[in-house]
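Below is one structure, written out as structure tokens; the observations come after it.
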Amino acid sequence: MKNFIHQIYYNAPTYKMLDPGFVALDNTANTRPDWFEFWVILNFLRNNPLEENAWYGFFPPKFRLKTGLKSEAILSFLQKQPAATEVALFSPSWDQIAYFLNPFEQGEFWHPGLRDLSQKFCDAIDLQVDLKTLTAHSHSSVFSNYIVAKPAFWRKWQEIAEAFFAFIEQGEKPLAKKIGANTTYGSAAHEAPMKTFIQERIATLVLARNDFKVAAMDFSPHGGIFTKIFNDDQRTRRLLQSCDLLKQLYCESGDEEYLSIFRKTRALVPAKCNLLP
């Protein structure tokens, strides 16, 4: 199986951060820094034919810093998957994936207004998804474009990405202005356009609307817990793992009882602030 897993660099310092096991992807021109990795991925897909059944990924320079994973771990994980697998996920924020109903609910906590603006975009292109009720879990949630997939996935991603780009660049000015406005991330000192955080969730929309065969690296046994919002103890870890499993069971069966138990279990997770919108 061929692997074309790229790692993006912007300058000499980010070039030094690259993992030699990935394909270096030059974005030193950085003609649209307001779009971050989204612009790089979209233009690659526009300008390069993809080999069917090959793996493609587009990681940022800080991938190893954020995940703790080297290229050897990624390639080994892919090699162990059945040939029919089409998507592999490597999102390390397993605790937030488990706790929130979906990444748009999670995004609403960190960037107020994100879910409503995302819904308006989905409605505008007739995507027919309700972001307040969409249920996503560790096998259907993606953060920071930490995803490797075959061309079938990337074609679906590009369809929505092109629509999103046109929606912002050529769409209704007041709404596009809101989506293009800055929001904080990490701390009050760091800002980026809201569209940056919406585009990171396009992969989740694709997985919600298509029946891809997905593999996900399990960070939950030993992965970090974000202590700004959760306690880092075994009880919290087990409750969060239960939350993710209950969401998976609901999505597989459609049985509302699983969703009801998920909400009851989530209420038991000790949180250091009000996390829900």
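By convention here, the chains of the structure tokens are called A, B, ... in the order presented, each chain's residues are numbered starting at 1, and ligands are numbered starting at 1 in the order presented.
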Given only C-alpha atoms, how would the per-residue table for range 36-74 of chain A near range 223-230 of chain A read, listing every residue at most 12 Å away with its closest atom pair and distance in Å to one decimal, sorted by chain and number, as a tab-separated table?
```
residue	atom	partner	partner_atom	distance
A:Lys66	CA	A:Gly224	CA	10.5
A:Thr67	CA	A:Gly223	CA	9.0
A:Gly68	CA	A:Gly223	CA	9.5
A:Leu69	CA	A:Gly223	CA	11.5
```
Counting only C-alpha atoms, what is within 12 Å of Tyr10 in chain A, bar same-chain residues fewer than 3 positions away, as number ranges by chain? A: 7, 13-18, 24-33, 36-37, 40, 60-62
Could you list, as a PDB file with all heavy atoms, in the first residue's frame, every residue within 10 Å of Phe104 in chain A, counting only C-alpha atoms and ignoring same-chain residues fewer than 3 positions away?
```
ATOM      1  N   PHE A 100     -18.057  15.647  24.594  1.00  0.00           N
ATOM      2  CA  PHE A 100     -19.014  16.449  23.821  1.00  0.00           C
ATOM      3  C   PHE A 100     -19.775  15.571  22.838  1.00  0.00           C
ATOM      4  O   PHE A 100     -19.272  14.562  22.361  1.00  0.00           O
ATOM      5  CB  PHE A 100     -18.284  17.565  23.082  1.00  0.00           C
ATOM      6  CG  PHE A 100     -17.723  18.629  23.994  1.00  0.00           C
ATOM      7  CD1 PHE A 100     -16.386  18.620  24.353  1.00  0.00           C
ATOM      8  CD2 PHE A 100     -18.545  19.626  24.511  1.00  0.00           C
ATOM      9  CE1 PHE A 100     -15.862  19.590  25.198  1.00  0.00           C
ATOM     10  CE2 PHE A 100     -18.030  20.600  25.362  1.00  0.00           C
ATOM     11  CZ  PHE A 100     -16.696  20.589  25.711  1.00  0.00           C
ATOM     12  N   LEU A 101     -20.986  15.986  22.514  1.00  0.00           N
ATOM     13  CA  LEU A 101     -21.808  15.210  21.584  1.00  0.00           C
ATOM     14  C   LEU A 101     -21.148  15.127  20.219  1.00  0.00           C
ATOM     15  O   LEU A 101     -21.227  14.103  19.546  1.00  0.00           O
ATOM     16  CB  LEU A 101     -23.204  15.840  21.466  1.00  0.00           C
ATOM     17  CG  LEU A 101     -24.228  15.064  20.649  1.00  0.00           C
ATOM     18  CD1 LEU A 101     -24.538  13.721  21.319  1.00  0.00           C
ATOM     19  CD2 LEU A 101     -25.509  15.882  20.472  1.00  0.00           C
ATOM     20  N   GLY A 107     -16.590  22.817  19.772  1.00  0.00           N
ATOM     21  CA  GLY A 107     -16.138  24.089  19.237  1.00  0.00           C
ATOM     22  C   GLY A 107     -16.919  25.261  19.776  1.00  0.00           C
ATOM     23  O   GLY A 107     -16.375  26.368  19.950  1.00  0.00           O
ATOM     24  N   GLU A 108     -18.186  25.040  20.078  1.00  0.00           N
ATOM     25  CA  GLU A 108     -19.016  26.108  20.641  1.00  0.00           C
ATOM     26  C   GLU A 108     -18.513  26.518  22.017  1.00  0.00           C
ATOM     27  O   GLU A 108     -18.584  27.695  22.389  1.00  0.00           O
ATOM     28  CB  GLU A 108     -20.474  25.643  20.723  1.00  0.00           C
ATOM     29  CG  GLU A 108     -21.449  26.702  21.201  1.00  0.00           C
ATOM     30  CD  GLU A 108     -21.593  27.869  20.244  1.00  0.00           C
ATOM     31  OE1 GLU A 108     -21.309  27.712  19.046  1.00  0.00           O
ATOM     32  OE2 GLU A 108     -22.002  28.962  20.705  1.00  0.00           O
ATOM     33  N   PHE A 109     -17.994  25.561  22.775  1.00  0.00           N
ATOM     34  CA  PHE A 109     -17.435  25.886  24.084  1.00  0.00           C
ATOM     35  C   PHE A 109     -16.208  26.778  23.951  1.00  0.00           C
ATOM     36  O   PHE A 109     -16.062  27.781  24.654  1.00  0.00           O
ATOM     37  CB  PHE A 109     -17.071  24.608  24.844  1.00  0.00           C
ATOM     38  CG  PHE A 109     -16.271  24.852  26.089  1.00  0.00           C
ATOM     39  CD1 PHE A 109     -16.865  25.421  27.211  1.00  0.00           C
ATOM     40  CD2 PHE A 109     -14.914  24.546  26.146  1.00  0.00           C
ATOM     41  CE1 PHE A 109     -16.123  25.670  28.366  1.00  0.00           C
ATOM     42  CE2 PHE A 109     -14.170  24.781  27.286  1.00  0.00           C
ATOM     43  CZ  PHE A 109     -14.771  25.355  28.404  1.00  0.00           C
ATOM     44  N   TRP A 110     -15.309  26.432  23.037  1.00  0.00           N
ATOM     45  CA  TRP A 110     -14.060  27.167  22.890  1.00  0.00           C
ATOM     46  C   TRP A 110     -14.206  28.446  22.062  1.00  0.00           C
ATOM     47  O   TRP A 110     -13.483  29.423  22.277  1.00  0.00           O
ATOM     48  CB  TRP A 110     -13.000  26.266  22.253  1.00  0.00           C
ATOM     49  CG  TRP A 110     -12.573  25.146  23.146  1.00  0.00           C
ATOM     50  CD1 TRP A 110     -12.865  23.811  23.001  1.00  0.00           C
ATOM     51  CD2 TRP A 110     -11.790  25.243  24.342  1.00  0.00           C
ATOM     52  NE1 TRP A 110     -12.315  23.084  24.022  1.00  0.00           N
ATOM     53  CE2 TRP A 110     -11.642  23.938  24.864  1.00  0.00           C
ATOM     54  CE3 TRP A 110     -11.185  26.307  25.020  1.00  0.00           C
ATOM     55  CZ2 TRP A 110     -10.926  23.662  26.024  1.00  0.00           C
ATOM     56  CZ3 TRP A 110     -10.462  26.039  26.179  1.00  0.00           C
ATOM     57  CH2 TRP A 110     -10.342  24.732  26.669  1.00  0.00           C
ATOM     58  N   HIS A 111     -15.129  28.418  21.104  1.00  0.00           N
ATOM     59  CA  HIS A 111     -15.295  29.545  20.181  1.00  0.00           C
ATOM     60  C   HIS A 111     -16.794  29.853  20.049  1.00  0.00           C
ATOM     61  O   HIS A 111     -17.446  29.387  19.107  1.00  0.00           O
ATOM     62  CB  HIS A 111     -14.716  29.207  18.800  1.00  0.00           C
ATOM     63  CG  HIS A 111     -13.385  28.519  18.852  1.00  0.00           C
ATOM     64  ND1 HIS A 111     -12.229  29.162  19.238  1.00  0.00           N
ATOM     65  CD2 HIS A 111     -13.033  27.237  18.582  1.00  0.00           C
ATOM     66  CE1 HIS A 111     -11.219  28.310  19.190  1.00  0.00           C
ATOM     67  NE2 HIS A 111     -11.681  27.128  18.811  1.00  0.00           N
ATOM     68  N   GLY A 113     -20.340  30.774  19.113  1.00  0.00           N
ATOM     69  CA  GLY A 113     -20.880  31.145  17.813  1.00  0.00           C
ATOM     70  C   GLY A 113     -20.496  30.189  16.710  1.00  0.00           C
ATOM     71  O   GLY A 113     -21.096  30.206  15.630  1.00  0.00           O
ATOM     72  N   LEU A 114     -19.511  29.308  16.968  1.00  0.00           N
ATOM     73  CA  LEU A 114     -19.032  28.401  15.913  1.00  0.00           C
ATOM     74  C   LEU A 114     -20.131  27.475  15.405  1.00  0.00           C
ATOM     75  O   LEU A 114     -20.275  27.290  14.192  1.00  0.00           O
ATOM     76  CB  LEU A 114     -17.850  27.584  16.433  1.00  0.00           C
ATOM     77  CG  LEU A 114     -17.242  26.585  15.439  1.00  0.00           C
ATOM     78  CD1 LEU A 114     -15.727  26.492  15.610  1.00  0.00           C
ATOM     79  CD2 LEU A 114     -17.836  25.171  15.575  1.00  0.00           C
ATOM     80  N   ARG A 115     -20.895  26.902  16.309  1.00  0.00           N
ATOM     81  CA  ARG A 115     -21.901  25.928  15.862  1.00  0.00           C
ATOM     82  C   ARG A 115     -22.982  26.577  15.023  1.00  0.00           C
ATOM     83  O   ARG A 115     -23.386  26.031  13.981  1.00  0.00           O
ATOM     84  CB  ARG A 115     -22.514  25.211  17.076  1.00  0.00           C
ATOM     85  CG  ARG A 115     -23.434  24.051  16.679  1.00  0.00           C
ATOM     86  CD  ARG A 115     -23.878  23.259  17.887  1.00  0.00           C
ATOM     87  NE  ARG A 115     -24.659  24.071  18.812  1.00  0.00           N
ATOM     88  CZ  ARG A 115     -25.096  23.635  19.999  1.00  0.00           C
ATOM     89  NH1 ARG A 115     -24.797  22.394  20.389  1.00  0.00           N
ATOM     90  NH2 ARG A 115     -25.798  24.407  20.789  1.00  0.00           N
ATOM     91  N   ASP A 116     -23.441  27.746  15.437  1.00  0.00           N
ATOM     92  CA  ASP A 116     -24.494  28.432  14.678  1.00  0.00           C
ATOM     93  C   ASP A 116     -23.989  28.843  13.298  1.00  0.00           C
ATOM     94  O   ASP A 116     -24.698  28.672  12.299  1.00  0.00           O
ATOM     95  CB  ASP A 116     -24.970  29.658  15.450  1.00  0.00           C
ATOM     96  CG  ASP A 116     -26.066  30.413  14.709  1.00  0.00           C
ATOM     97  OD1 ASP A 116     -27.121  29.806  14.429  1.00  0.00           O
ATOM     98  OD2 ASP A 116     -25.867  31.606  14.389  1.00  0.00           O
ATOM     99  N   SER A 118     -21.569  27.431  11.635  1.00  0.00           N
ATOM    100  CA  SER A 118     -21.395  26.195  10.875  1.00  0.00           C
ATOM    101  C   SER A 118     -22.736  25.693  10.348  1.00  0.00           C
ATOM    102  O   SER A 118     -22.825  25.212   9.205  1.00  0.00           O
ATOM    103  CB  SER A 118     -20.740  25.120  11.744  1.00  0.00           C
ATOM    104  OG  SER A 118     -19.487  25.536  12.217  1.00  0.00           O
ATOM    105  N   GLN A 119     -23.769  25.808  11.173  1.00  0.00           N
ATOM    106  CA  GLN A 119     -25.096  25.362  10.746  1.00  0.00           C
ATOM    107  C   GLN A 119     -25.605  26.201   9.577  1.00  0.00           C
ATOM    108  O   GLN A 119     -26.202  25.669   8.623  1.00  0.00           O
ATOM    109  CB  GLN A 119     -26.077  25.449  11.919  1.00  0.00           C
ATOM    110  CG  GLN A 119     -27.458  24.883  11.613  1.00  0.00           C
ATOM    111  CD  GLN A 119     -27.424  23.376  11.411  1.00  0.00           C
ATOM    112  OE1 GLN A 119     -27.088  22.639  12.314  1.00  0.00           O
ATOM    113  NE2 GLN A 119     -27.762  22.919  10.214  1.00  0.00           N
ATOM    114  N   LEU A 131     -26.542  20.164  13.591  1.00  0.00           N
ATOM    115  CA  LEU A 131     -25.326  20.116  14.400  1.00  0.00           C
ATOM    116  C   LEU A 131     -25.610  20.093  15.895  1.00  0.00           C
ATOM    117  O   LEU A 131     -24.707  19.815  16.685  1.00  0.00           O
ATOM    118  CB  LEU A 131     -24.420  21.301  14.048  1.00  0.00           C
ATOM    119  CG  LEU A 131     -23.961  21.337  12.589  1.00  0.00           C
ATOM    120  CD1 LEU A 131     -23.056  22.532  12.353  1.00  0.00           C
ATOM    121  CD2 LEU A 131     -23.254  20.042  12.197  1.00  0.00           C
ATOM    122  N   LYS A 132     -26.847  20.359  16.284  1.00  0.00           N
ATOM    123  CA  LYS A 132     -27.204  20.254  17.698  1.00  0.00           C
ATOM    124  C   LYS A 132     -27.462  18.809  18.106  1.00  0.00           C
ATOM    125  O   LYS A 132     -27.366  18.465  19.285  1.00  0.00           O
ATOM    126  CB  LYS A 132     -28.433  21.115  18.007  1.00  0.00           C
ATOM    127  CG  LYS A 132     -28.157  22.613  17.977  1.00  0.00           C
ATOM    128  CD  LYS A 132     -29.376  23.400  18.410  1.00  0.00           C
ATOM    129  CE  LYS A 132     -29.075  24.903  18.441  1.00  0.00           C
ATOM    130  NZ  LYS A 132     -30.256  25.701  18.855  1.00  0.00           N
ATOM    131  N   LEU A 134     -26.283  16.013  15.965  1.00  0.00           N
ATOM    132  CA  LEU A 134     -25.294  15.118  15.371  1.00  0.00           C
ATOM    133  C   LEU A 134     -24.481  14.435  16.471  1.00  0.00           C
ATOM    134  O   LEU A 134     -23.930  15.095  17.347  1.00  0.00           O
ATOM    135  CB  LEU A 134     -24.355  15.920  14.457  1.00  0.00           C
ATOM    136  CG  LEU A 134     -23.164  15.154  13.874  1.00  0.00           C
ATOM    137  CD1 LEU A 134     -23.637  14.091  12.892  1.00  0.00           C
ATOM    138  CD2 LEU A 134     -22.185  16.114  13.202  1.00  0.00           C
ATOM    139  N   ALA A 136     -21.249  12.200  17.315  1.00  0.00           N
ATOM    140  CA  ALA A 136     -19.960  11.767  16.771  1.00  0.00           C
ATOM    141  C   ALA A 136     -19.100  11.225  17.904  1.00  0.00           C
ATOM    142  O   ALA A 136     -19.227  11.634  19.052  1.00  0.00           O
ATOM    143  CB  ALA A 136     -19.264  12.932  16.067  1.00  0.00           C
ATOM    144  N   SER A 141     -14.890  11.560  14.649  1.00  0.00           N
ATOM    145  CA  SER A 141     -14.546  12.929  15.027  1.00  0.00           C
ATOM    146  C   SER A 141     -13.109  13.224  14.642  1.00  0.00           C
ATOM    147  O   SER A 141     -12.224  12.394  14.863  1.00  0.00           O
ATOM    148  CB  SER A 141     -14.716  13.138  16.535  1.00  0.00           C
ATOM    149  OG  SER A 141     -16.057  12.955  16.930  1.00  0.00           O
ATOM    150  N   PHE A 197     -11.336  27.186  12.457  1.00  0.00           N
ATOM    151  CA  PHE A 197     -11.811  26.133  13.351  1.00  0.00           C
ATOM    152  C   PHE A 197     -13.040  25.418  12.776  1.00  0.00           C
ATOM    153  O   PHE A 197     -13.287  24.260  13.120  1.00  0.00           O
ATOM    154  CB  PHE A 197     -12.103  26.737  14.720  1.00  0.00           C
ATOM    155  CG  PHE A 197     -10.902  27.421  15.303  1.00  0.00           C
ATOM    156  CD1 PHE A 197     -10.777  28.798  15.271  1.00  0.00           C
ATOM    157  CD2 PHE A 197      -9.849  26.683  15.832  1.00  0.00           C
ATOM    158  CE1 PHE A 197      -9.650  29.433  15.779  1.00  0.00           C
ATOM    159  CE2 PHE A 197      -8.713  27.300  16.337  1.00  0.00           C
ATOM    160  CZ  PHE A 197      -8.615  28.686  16.306  1.00  0.00           C
ATOM    161  N   ILE A 198     -13.758  26.088  11.891  1.00  0.00           N
ATOM    162  CA  ILE A 198     -14.861  25.413  11.206  1.00  0.00           C
ATOM    163  C   ILE A 198     -14.315  24.422  10.181  1.00  0.00           C
ATOM    164  O   ILE A 198     -14.773  23.276  10.102  1.00  0.00           O
ATOM    165  CB  ILE A 198     -15.799  26.432  10.535  1.00  0.00           C
ATOM    166  CG1 ILE A 198     -16.492  27.295  11.606  1.00  0.00           C
ATOM    167  CG2 ILE A 198     -16.840  25.721   9.676  1.00  0.00           C
ATOM    168  CD1 ILE A 198     -17.364  28.402  11.044  1.00  0.00           C
ATOM    169  N   ARG A 201     -13.383  20.950  11.083  1.00  0.00           N
ATOM    170  CA  ARG A 201     -14.485  20.033  11.375  1.00  0.00           C
ATOM    171  C   ARG A 201     -15.174  19.514  10.113  1.00  0.00           C
ATOM    172  O   ARG A 201     -16.147  18.763  10.204  1.00  0.00           O
ATOM    173  CB  ARG A 201     -15.481  20.726  12.317  1.00  0.00           C
ATOM    174  CG  ARG A 201     -14.892  20.905  13.714  1.00  0.00           C
ATOM    175  CD  ARG A 201     -15.587  21.967  14.548  1.00  0.00           C
ATOM    176  NE  ARG A 201     -15.097  21.936  15.925  1.00  0.00           N
ATOM    177  CZ  ARG A 201     -13.952  22.492  16.347  1.00  0.00           C
ATOM    178  NH1 ARG A 201     -13.181  23.147  15.471  1.00  0.00           N
ATOM    179  NH2 ARG A 201     -13.567  22.396  17.600  1.00  0.00           N
ATOM    180  N   THR A 204     -15.304  15.760   9.944  1.00  0.00           N
ATOM    181  CA  THR A 204     -16.384  15.165  10.745  1.00  0.00           C
ATOM    182  C   THR A 204     -17.683  15.151   9.963  1.00  0.00           C
ATOM    183  O   THR A 204     -18.443  14.171  10.025  1.00  0.00           O
ATOM    184  CB  THR A 204     -16.550  15.943  12.064  1.00  0.00           C
ATOM    185  OG1 THR A 204     -15.337  15.856  12.822  1.00  0.00           O
ATOM    186  CG2 THR A 204     -17.696  15.387  12.886  1.00  0.00           C
ATOM    187  N   LEU A 205     -17.961  16.214   9.221  1.00  0.00           N
ATOM    188  CA  LEU A 205     -19.161  16.250   8.377  1.00  0.00           C
ATOM    189  C   LEU A 205     -19.113  15.151   7.323  1.00  0.00           C
ATOM    190  O   LEU A 205     -20.126  14.491   7.051  1.00  0.00           O
ATOM    191  CB  LEU A 205     -19.295  17.612   7.697  1.00  0.00           C
ATOM    192  CG  LEU A 205     -19.628  18.805   8.587  1.00  0.00           C
ATOM    193  CD1 LEU A 205     -19.608  20.097   7.770  1.00  0.00           C
ATOM    194  CD2 LEU A 205     -20.987  18.631   9.263  1.00  0.00           C
TER     195      LEU A 205
END
```
Test item: residues at most 12 Å from Ala73 in chain A, only C-alpha atoms, excluding those fewer than 5 positions along its chain, as a PDB file with N, CA, C and O atoms, in the first residue's frame:
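This is the output file around.pdb:
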```pdb
ATOM      1  N   ASP A  19       9.124  15.418  10.323  1.00  0.00           N
ATOM      2  CA  ASP A  19       9.476  14.016  10.512  1.00  0.00           C
ATOM      3  C   ASP A  19       9.962  13.486   9.167  1.00  0.00           C
ATOM      4  O   ASP A  19       9.229  13.557   8.178  1.00  0.00           O
ATOM      5  N   GLY A  21      10.037  10.693   7.991  1.00  0.00           N
ATOM      6  CA  GLY A  21       9.200   9.622   7.469  1.00  0.00           C
ATOM      7  C   GLY A  21       7.977  10.107   6.721  1.00  0.00           C
ATOM      8  O   GLY A  21       7.277   9.315   6.079  1.00  0.00           O
ATOM      9  N   PHE A  22       7.694  11.402   6.798  1.00  0.00           N
ATOM     10  CA  PHE A  22       6.600  12.006   6.043  1.00  0.00           C
ATOM     11  C   PHE A  22       7.153  12.728   4.815  1.00  0.00           C
ATOM     12  O   PHE A  22       8.358  12.992   4.718  1.00  0.00           O
ATOM     13  N   ARG A  64       3.855  15.891  15.775  1.00  0.00           N
ATOM     14  CA  ARG A  64       4.467  15.042  16.802  1.00  0.00           C
ATOM     15  C   ARG A  64       4.337  15.676  18.181  1.00  0.00           C
ATOM     16  O   ARG A  64       4.088  14.987  19.182  1.00  0.00           O
ATOM     17  N   THR A  67       0.704  15.076  19.297  1.00  0.00           N
ATOM     18  CA  THR A  67       0.230  13.688  19.415  1.00  0.00           C
ATOM     19  C   THR A  67       1.229  12.757  20.093  1.00  0.00           C
ATOM     20  O   THR A  67       0.837  11.691  20.582  1.00  0.00           O
ATOM     21  N   GLY A  68       2.498  13.120  20.074  1.00  0.00           N
ATOM     22  CA  GLY A  68       3.530  12.221  20.573  1.00  0.00           C
ATOM     23  C   GLY A  68       3.878  11.113  19.600  1.00  0.00           C
ATOM     24  O   GLY A  68       4.629  10.192  19.940  1.00  0.00           O
ATOM     25  N   LEU A  78      -1.206   1.930   9.994  1.00  0.00           N
ATOM     26  CA  LEU A  78      -1.858   1.749   8.696  1.00  0.00           C
ATOM     27  C   LEU A  78      -1.619   0.347   8.144  1.00  0.00           C
ATOM     28  O   LEU A  78      -2.531  -0.269   7.581  1.00  0.00           O
ATOM     29  N   GLN A  79      -0.419  -0.169   8.324  1.00  0.00           N
ATOM     30  CA  GLN A  79      -0.092  -1.492   7.804  1.00  0.00           C
ATOM     31  C   GLN A  79      -0.907  -2.599   8.467  1.00  0.00           C
ATOM     32  O   GLN A  79      -1.133  -3.653   7.867  1.00  0.00           O
ATOM     33  N   LYS A  80      -1.350  -2.355   9.684  1.00  0.00           N
ATOM     34  CA  LYS A  80      -2.103  -3.365  10.422  1.00  0.00           C
ATOM     35  C   LYS A  80      -3.592  -3.374  10.089  1.00  0.00           C
ATOM     36  O   LYS A  80      -4.322  -4.266  10.539  1.00  0.00           O
ATOM     37  N   PHE A  90      -6.296  10.152  13.965  1.00  0.00           N
ATOM     38  CA  PHE A  90      -5.230  10.264  14.961  1.00  0.00           C
ATOM     39  C   PHE A  90      -5.437  11.493  15.844  1.00  0.00           C
ATOM     40  O   PHE A  90      -4.486  12.181  16.198  1.00  0.00           O
ATOM     41  N   MET A 217      -6.861   5.448  16.065  1.00  0.00           N
ATOM     42  CA  MET A 217      -5.904   5.137  17.110  1.00  0.00           C
ATOM     43  C   MET A 217      -6.521   5.475  18.462  1.00  0.00           C
ATOM     44  O   MET A 217      -7.062   6.572  18.636  1.00  0.00           O
TER      45      MET A 217
END
```
Taking into account only C-alpha atoms, which residue in the set A:Phe164, A:Phe77, A:Phe38, A:Phe121 is nearest to Phe58 in chain A? A:Phe38
Which distance in Å separates CA of Glu169 in chain A and CA of Ala124 in chain A, to one decimal?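 Answer for the CA of Glu169 in chain A to CA of Ala124 in chain A separation: 14.2 Å.
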Between A:Tyr250, A:Trp39, A:Tyr99, A:Phe59, which has the minimum distance to Pro270 in chain A (counting only C-alpha atoms)? A:Tyr99
Show me, as a ChimeraX atom specification, the residues that have an atom within 6 Å of range 143-147 of chain A when counting only C-alpha atoms, minus same-chain residues fewer than 4 positions from it. /A:88-91,200
Please run DSSP on the backbone and report, as JSON, numbers by chain, all residues within range 45-207 of chain A that come out as alpha helix (DSSP H). {"A": [45, 46, 47, 63, 64, 65, 66, 67, 71, 72, 73, 74, 75, 76, 77, 78, 79, 94, 95, 96, 97, 98, 99, 103, 104, 105, 106, 107, 108, 109, 110, 114, 115, 116, 117, 118, 119, 120, 121, 122, 123, 124, 151, 152, 153, 154, 155, 156, 157, 158, 159, 160, 161, 162, 163, 164, 165, 166, 167, 168, 169, 170, 173, 174, 175, 176, 177, 178, 179, 180, 194, 195, 196, 197, 198, 199, 202, 203, 204, 205, 206, 207]}
With only C-alpha atoms as the counted atoms, please give the residues lying no more than 12 Å from Arg46 in chain A, apart from itself and same-chain residues fewer than 3 positions off, as an mmCIF file with C-alpha atoms, in the first residue's frame.
```cif
data_model
loop_
_atom_site.group_PDB
_atom_site.id
_atom_site.type_symbol
_atom_site.label_atom_id
_atom_site.label_comp_id
_atom_site.auth_asym_id
_atom_site.auth_seq_id
_atom_site.Cartn_x
_atom_site.Cartn_y
_atom_site.Cartn_z
ATOM 1 C CA TRP A 39 -5.438 26.272 1.942
ATOM 2 C CA VAL A 40 -2.513 23.871 1.513
ATOM 3 C CA ILE A 41 -4.691 20.760 1.502
ATOM 4 C CA LEU A 42 -7.279 22.193 -0.867
ATOM 5 C CA ASN A 43 -4.684 23.343 -3.381
ATOM 6 C CA PRO A 49 -4.118 13.424 -9.165
ATOM 7 C CA LEU A 50 -4.510 10.882 -6.370
ATOM 8 C CA TRP A 154 -10.652 13.231 0.034
ATOM 9 C CA ARG A 155 -13.017 13.674 -2.911
ATOM 10 C CA TRP A 157 -13.851 16.391 1.674
ATOM 11 C CA GLN A 158 -12.961 18.555 -1.320
ATOM 12 C CA GLU A 159 -16.618 18.925 -2.321
ATOM 13 C CA ALA A 161 -14.176 22.372 1.243
ATOM 14 C CA GLU A 162 -14.731 24.030 -2.135
#
```
